[in-house]
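Structure file target.cif with mmCIF, C-alpha atoms:
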data_structure
#
loop_
_atom_site.label_atom_id
_atom_site.label_comp_id
_atom_site.auth_asym_id
_atom_site.auth_seq_id
_atom_site.Cartn_x
_atom_site.Cartn_y
_atom_site.Cartn_z
CA MET O 1 -2.46 13.97 -33.17
CA THR O 2 -4.84 16.29 -31.33
CA LEU O 3 -1.93 17.78 -29.37
CA GLU O 4 -0.32 18.71 -32.66
CA ILE O 5 -3.47 20.36 -33.94
CA VAL O 6 -3.96 22.32 -30.71
CA LEU O 7 -0.34 23.51 -30.78
CA PHE O 8 -0.58 24.36 -34.47
CA VAL O 9 -3.65 26.50 -33.88
CA ILE O 10 -2.03 28.26 -30.91
CA PHE O 11 1.17 29.01 -32.84
CA ALA O 12 -0.80 30.10 -35.91
CA LEU O 13 -2.86 32.53 -33.83
CA VAL O 14 0.22 33.97 -32.13
CA CYS O 15 1.87 34.25 -35.53
CA LEU O 16 -1.11 36.06 -37.06
CA VAL O 17 -1.68 38.47 -34.18
CA SER O 18 2.00 39.36 -33.80
CA GLY O 19 2.23 39.85 -37.57
CA ILE O 20 -0.70 42.27 -37.60
CA LEU O 21 0.65 44.11 -34.55
CA MET O 22 4.06 44.34 -36.20
CA VAL O 23 2.68 46.00 -39.33
CA THR O 24 0.43 48.44 -37.47
CA ARG O 25 2.88 49.76 -34.84
CA VAL O 26 4.19 53.29 -35.37
CA ASN O 27 7.42 52.82 -33.43
CA PRO O 28 9.73 50.66 -35.59
CA VAL O 29 11.55 49.20 -32.57
CA ILE O 30 8.27 47.83 -31.19
CA SER O 31 7.52 46.45 -34.66
CA ALA O 32 10.86 44.68 -34.61
CA LEU O 33 10.11 43.14 -31.21
CA PHE O 34 6.77 41.84 -32.49
CA LEU O 35 8.69 40.38 -35.41
CA VAL O 36 10.72 38.37 -32.86
CA VAL O 37 7.47 36.95 -31.46
CA ASN O 38 6.38 36.20 -35.01
CA PHE O 39 9.63 34.36 -35.79
CA GLY O 40 9.35 32.39 -32.56
CA SER O 41 5.81 31.23 -33.29
CA LEU O 42 6.88 30.40 -36.84
CA ALA O 43 9.53 28.12 -35.35
CA GLY O 44 6.75 26.45 -33.39
CA LEU O 45 4.76 25.99 -36.60
CA TYR O 46 7.76 24.35 -38.27
CA LEU O 47 8.05 22.03 -35.28
CA THR O 48 4.42 20.95 -35.58
CA LEU O 49 5.02 20.35 -39.30
CA ASN O 50 7.91 17.96 -38.48
CA ALA O 51 10.68 20.25 -39.66
CA GLN O 52 12.80 20.16 -36.51
CA PHE O 53 16.06 21.42 -37.95
CA ILE O 54 14.32 24.30 -39.74
CA ALA O 55 12.63 25.22 -36.45
CA VAL O 56 15.97 25.41 -34.64
CA ALA O 57 17.54 27.29 -37.55
CA GLN O 58 14.62 29.72 -37.47
CA VAL O 59 15.32 30.53 -33.84
CA ILE O 60 19.11 30.76 -34.22
CA ILE O 61 19.25 32.69 -37.49
CA TYR O 62 16.04 34.72 -37.68
CA ALA O 63 15.07 35.35 -34.05
CA GLY O 64 18.76 35.71 -33.14
CA ALA O 65 21.02 37.12 -35.81
CA ILE O 66 18.59 38.71 -38.28
CA MET O 67 16.69 40.49 -35.51
CA VAL O 68 19.88 41.99 -34.07
CA PHE O 69 20.62 43.15 -37.59
CA PHE O 70 17.14 44.67 -38.03
CA LEU O 71 17.38 46.54 -34.75
CA PHE O 72 20.80 47.94 -35.66
CA VAL O 73 19.51 49.04 -39.06
CA ILE O 74 16.47 50.69 -37.46
CA MET O 75 18.80 52.59 -35.14
CA LEU O 76 21.08 53.40 -38.06
CA ILE O 77 18.40 55.22 -40.03
CA ASN O 78 16.43 58.04 -38.50
CA PRO O 79 12.76 56.96 -38.48
CA GLU O 80 11.58 60.53 -37.89
CA HIS O 81 12.72 61.39 -41.40
CA GLU O 82 10.81 58.42 -42.77
CA LYS O 83 7.57 59.70 -41.28
CA ARG O 84 7.97 63.11 -42.90
CA PHE O 85 8.93 61.42 -46.15
CA LEU O 86 5.50 59.75 -46.33
CA GLU O 87 3.78 63.00 -45.39
CA TYR O 88 4.98 64.98 -48.35
CA LYS O 89 4.88 62.05 -50.75
CA PRO O 90 1.46 60.44 -50.06
CA GLN O 91 1.36 58.84 -53.52
CA LEU O 92 3.95 56.34 -52.22
CA LYS O 93 1.14 54.73 -50.27
CA ILE O 94 -0.47 53.69 -53.57
CA PHE O 95 2.67 51.75 -54.45
CA ALA O 96 2.68 50.13 -51.03
CA VAL O 97 -0.94 49.00 -51.41
CA ALA O 98 -0.30 47.76 -54.97
CA ILE O 99 2.70 45.68 -53.90
CA ALA O 100 0.79 44.30 -50.90
CA VAL O 101 -2.10 43.22 -53.16
CA LEU O 102 0.35 41.65 -55.59
CA VAL O 103 2.05 39.62 -52.86
CA PHE O 104 -1.33 38.61 -51.44
CA LEU O 105 -2.47 37.39 -54.88
CA GLN O 106 0.72 35.38 -55.30
CA ILE O 107 0.33 33.71 -51.92
CA ALA O 108 -3.38 33.03 -52.56
CA TYR O 109 -2.50 31.52 -55.94
CA ILE O 110 0.15 29.28 -54.40
CA ILE O 111 -2.18 28.10 -51.64
CA LEU O 112 -5.22 27.53 -53.82
CA PHE O 113 -3.76 26.20 -57.07
CA SER O 114 -0.45 24.50 -56.34
CA LYS O 115 -0.13 20.74 -56.13
CA PRO O 116 1.91 18.95 -53.46
CA SER O 117 5.39 18.18 -54.76
CA GLU O 118 6.09 14.78 -56.22
CA GLY O 119 7.74 12.05 -54.22
CA VAL O 120 6.63 13.36 -50.85
CA SER O 121 5.33 10.62 -48.63
CA ARG O 122 2.11 11.22 -46.76
CA GLU O 123 3.21 8.97 -43.94
CA VAL O 124 3.84 10.74 -40.66
CA ALA O 125 6.85 8.60 -39.74
CA ALA O 126 8.55 9.39 -43.07
CA SER O 127 8.01 13.11 -42.69
CA VAL O 128 9.34 13.04 -39.13
CA LYS O 129 12.45 11.28 -40.42
CA ALA O 130 12.87 13.77 -43.28
CA GLY O 131 12.97 16.72 -40.91
CA THR O 132 15.67 15.39 -38.58
CA ILE O 133 19.14 16.88 -38.53
CA GLU O 134 20.59 13.44 -39.39
CA GLN O 135 18.58 13.22 -42.60
CA ILE O 136 19.43 16.80 -43.57
CA GLY O 137 23.12 16.14 -42.94
CA ARG O 138 23.01 13.03 -45.10
CA GLU O 139 21.24 14.77 -47.99
CA LEU O 140 23.39 17.88 -47.73
CA PHE O 141 26.71 16.03 -47.90
CA THR O 142 25.78 13.38 -50.45
CA LYS O 143 23.27 14.73 -52.94
CA TYR O 144 23.71 18.47 -52.48
CA VAL O 145 27.45 18.91 -51.95
CA LEU O 146 27.81 21.37 -54.83
CA PRO O 147 25.06 23.76 -53.65
CA PHE O 148 26.59 23.49 -50.19
CA GLU O 149 29.99 24.63 -51.47
CA ALA O 150 28.22 27.39 -53.42
CA VAL O 151 26.72 28.59 -50.14
CA GLY O 152 30.28 28.94 -48.85
CA TYR O 153 31.10 31.31 -51.73
CA LEU O 154 27.84 33.19 -51.21
CA LEU O 155 28.70 33.76 -47.55
CA LEU O 156 32.20 34.84 -48.56
CA SER O 157 30.79 37.41 -50.99
CA ALA O 158 28.37 38.66 -48.30
CA ALA O 159 31.22 39.09 -45.82
CA ILE O 160 33.37 40.93 -48.37
CA GLY O 161 30.43 43.10 -49.42
CA ALA O 162 29.71 44.17 -45.86
CA LEU O 163 33.37 44.96 -45.24
CA VAL O 164 33.70 46.95 -48.46
CA LEU O 165 30.65 49.01 -47.51
CA ALA O 166 31.56 49.67 -43.91
CA LYS O 167 35.38 49.78 -43.94
CA LYS O 168 36.91 52.03 -46.53
CA LYS O 169 40.55 51.07 -46.58
CA PHE O 170 43.14 48.64 -45.31
CA LYS O 171 45.16 49.53 -42.27
CA MET I 172 7.07 13.21 -32.49
CA LEU I 173 5.97 16.33 -30.66
CA GLU I 174 5.90 14.41 -27.39
CA SER I 175 9.70 14.55 -27.27
CA TYR I 176 9.51 18.36 -27.33
CA ILE I 177 7.22 18.63 -24.33
CA PRO I 178 10.14 19.50 -21.97
CA ILE I 179 11.02 22.47 -24.21
CA PHE I 180 7.41 23.64 -24.18
CA ILE I 181 7.33 23.32 -20.40
CA VAL I 182 10.50 25.41 -20.09
CA MET I 183 9.06 28.01 -22.47
CA PHE I 184 5.81 28.04 -20.49
CA PHE I 185 7.57 28.59 -17.16
CA ALA I 186 9.87 31.24 -18.64
CA THR I 187 6.84 33.17 -19.87
CA VAL I 188 4.93 32.75 -16.62
CA ILE I 189 7.89 33.83 -14.48
CA ALA I 190 8.72 36.83 -16.69
CA LEU I 191 5.13 38.06 -16.77
CA GLY I 192 4.54 37.14 -13.11
CA ILE I 193 7.51 39.10 -11.80
CA THR I 194 6.69 42.14 -13.94
CA PHE I 195 3.03 42.27 -13.02
CA SER I 196 3.43 41.27 -9.36
CA SER I 197 5.73 44.25 -8.76
CA MET I 198 3.14 46.40 -10.51
CA LEU I 199 0.31 45.03 -8.39
CA LEU I 200 1.94 44.49 -5.00
CA GLY I 201 4.47 47.29 -4.78
CA PRO I 202 3.53 50.73 -3.40
CA GLN I 203 3.20 53.33 -6.13
CA ARG I 204 3.67 56.99 -5.30
CA PRO I 205 4.70 58.49 -8.61
CA ASN I 206 5.83 62.06 -9.01
CA LYS I 207 7.28 64.00 -11.90
CA GLU I 208 10.89 63.38 -10.96
CA LYS I 209 10.38 59.64 -10.56
CA LEU I 210 8.62 59.28 -13.91
CA SER I 211 11.21 61.22 -15.89
CA THR I 212 13.67 59.26 -18.03
CA TYR I 213 16.63 57.98 -16.05
CA GLU I 214 19.88 59.40 -17.33
CA SER I 215 22.35 58.71 -14.52
CA GLY I 216 20.93 61.47 -12.38
CA MET I 217 21.39 64.13 -15.05
CA LYS I 218 18.57 66.04 -16.64
CA PRO I 219 17.57 64.08 -19.80
CA VAL I 220 19.12 65.61 -22.91
CA GLY I 221 18.09 65.10 -26.52
CA THR I 222 15.77 62.47 -28.00
CA THR I 223 15.76 58.69 -27.70
CA ARG I 224 16.24 58.37 -31.44
CA GLU I 225 19.93 58.88 -31.78
CA ARG I 226 21.53 57.58 -34.94
CA ILE I 227 24.15 54.97 -34.11
CA SER I 228 27.44 54.32 -35.87
CA ILE I 229 27.70 52.23 -39.05
CA LYS I 230 30.18 50.03 -37.13
CA TYR I 231 27.27 48.23 -35.48
CA TYR I 232 26.01 47.30 -38.94
CA LEU I 233 29.30 45.62 -39.69
CA VAL I 234 29.23 43.70 -36.41
CA ALA I 235 25.65 42.52 -37.05
CA MET I 236 26.43 41.52 -40.64
CA LEU I 237 29.51 39.53 -39.66
CA PHE I 238 27.50 37.91 -36.84
CA ILE I 239 24.81 36.71 -39.29
CA ILE I 240 27.42 35.30 -41.65
CA PHE I 241 29.35 33.45 -38.94
CA ASP I 242 26.08 32.23 -37.44
CA LEU I 243 24.99 30.73 -40.76
CA GLU I 244 28.39 29.15 -41.14
CA VAL I 245 28.08 27.38 -37.81
CA LEU I 246 24.55 26.26 -38.64
CA PHE I 247 25.88 24.27 -41.59
CA ILE I 248 28.38 22.51 -39.35
CA TYR I 249 25.67 21.00 -37.06
CA PRO I 250 24.25 18.48 -39.59
CA TRP I 251 27.76 17.61 -40.70
CA ALA I 252 28.95 17.00 -37.15
CA VAL I 253 25.91 14.91 -36.25
CA GLN I 254 26.23 12.64 -39.27
CA PHE I 255 30.02 12.66 -39.63
CA LYS I 256 30.80 9.20 -38.22
CA LYS I 257 28.14 7.43 -40.27
CA LEU I 258 28.94 9.26 -43.47
CA PHE I 259 32.68 8.79 -42.94
CA ALA I 260 32.19 5.04 -42.62
CA GLU I 261 30.17 5.06 -45.82
CA PHE I 262 31.92 7.55 -48.10
CA GLY I 263 35.35 7.96 -46.55
CA ILE I 264 37.52 11.04 -46.67
CA SER I 265 35.38 12.94 -49.22
CA ILE I 266 32.94 13.92 -46.49
CA PHE I 267 35.80 15.52 -44.58
CA ILE I 268 37.08 17.26 -47.72
CA SER I 269 33.69 18.76 -48.62
CA MET I 270 33.49 20.48 -45.23
CA PHE I 271 37.17 21.41 -45.45
CA ILE I 272 36.62 23.25 -48.76
CA PHE I 273 33.62 25.04 -47.26
CA LEU I 274 35.66 26.14 -44.27
CA VAL I 275 38.65 27.20 -46.39
CA VAL I 276 36.40 29.39 -48.54
CA PHE I 277 34.91 30.84 -45.42
CA GLU I 278 38.27 31.40 -43.76
CA LEU I 279 39.21 33.53 -46.76
CA GLY I 280 36.39 35.84 -45.72
CA TYR I 281 37.59 35.69 -42.13
CA LEU I 282 41.13 36.60 -43.18
CA TYR I 283 39.83 39.44 -45.34
CA ALA I 284 37.80 40.77 -42.41
CA TYR I 285 40.80 40.44 -40.11
CA LYS I 286 43.16 42.18 -42.55
CA LYS I 287 40.70 44.95 -43.20
CA GLY I 288 40.23 45.58 -39.51
CA GLY I 289 36.63 44.35 -39.43
CA PHE I 290 37.07 43.16 -35.86
CA GLU I 291 38.57 46.41 -34.65
CA TRP I 292 36.61 49.22 -33.10
CA ASP I 293 37.99 52.63 -33.93
#

Kindly present the structure from the file in structure tokens form.
Amino acid sequence: MTLEIVLFVIFALVCLVSGILMVTRVNPVISALFLVVNFGSLAGLYLTLNAQFIAVAQVIIYAGAIMVFFLFVIMLINPEHEKRFLEYKPQLKIFAVAIAVLVFLQIAYIILFSKPSEGVSREVAASVKAGTIEQIGRELFTKYVLPFEAVGYLLLSAAIGALVLAKKKFK
Amino acid sequence: MLESYIPIFIVMFFATVIALGITFSSMLLGPQRPNKEKLSTYESGMKPVGTTRERISIKYYLVAMLFIIFDLEVLFIYPWAVQFKKLFAEFGISIFISMFIFLVVFELGYLYAYKKGGFEWD
């Protein structure tokens, strides 16, 4: 129990510090690398919260694929232009602050006023079991088959969308 | 529960220690006689030209996008593969068919990408 709390605190601190560093860096590539650290510590947090499969998925999808994607997109755009863009349109910063406050209020509302969802057991053993890949496989292919097939179509549309954007015509 | 993950944490710990240790030990122990030529950006012996911030081709975007999609696809196969024998004994062929439909839908995307030359670099 204490090991879990110690690890949770460590991961939470790493998460917080890397998040702040990510937002405050000027160089977007360095920001992206701090985001990798953030995703990694988030995976650790999921692990301490007994969500093992989510933790692995976090590392494979976010720290792996999404970060490669982010880095490519950063290199695709020219960040020097972005800097000048903010210089001659300083009123954009007001929007940024407003959206940040809005998101903060939403998160604060969720944390302070939401109730734990129904039917969730407070037992540790039950929550460990719920997070295993076996349990997720069982739920996914019995109760949630239809959403699962819908995900297939969603991925198909994403693949087609990317190809339509990047490749103009058939060979 | 976390006790079973201790080996992973140990590996992560040693990876961090070794990476930082090697970097900083060469900084601390190695002789350092810097001059202007040594500190300049290495560009295969040429004089450095242009900035670091070069815009790269949109083709990389396509590669990254397809990588994410295929990665997600594979992620859904893990829980299926782990539970397949048990679920097959319980529910029969329908478990196989549900994954088959998923894969067929996805293979349509694969075929589209193949036909459109998404895997070619030109």

Please determine the contact residues of chain O with respect to chain I at a cut-off of 8 Å, counting all atoms listed in the file, and supply them as a PyMOL selection string. chain O and resi 4+47-48+50+57+60-61+65-66+68-69+72-73+75-79+128+133-134+136-138+141+145+148-149+152-153+155-160+162-163+166-167+169-171

Measure the distance from atom CA of O:Thr24 to atom CA of O:Phe39 in Å and round it to one decimal.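 Separating atom CA of O:Thr24 from atom CA of O:Phe39 is a distance of 16.9 Å.
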
Expressed in Å to a single decimal, how great is the separation between atom CA of O:Val23 and atom CA of O:Gly40?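 Those two atoms sit 16.6 Å apart.
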
Calculate how many Å separate atom CA of O:Gln135 from atom CA of O:Ile54, rounding to one decimal. 12.2 Å

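Proximity ranking of O:Met22, O:Ile107, O:Cys15, O:Ala51 relative to O:Asn38 places O:Cys15 first, based on all atoms listed in the file.
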
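Minimum atom-to-atom distances from O:Leu165, O:Arg122, O:Val37, O:Val9 to O:Leu21 were compared using all atoms listed in the file, and the lowest value belongs to O:Val37.
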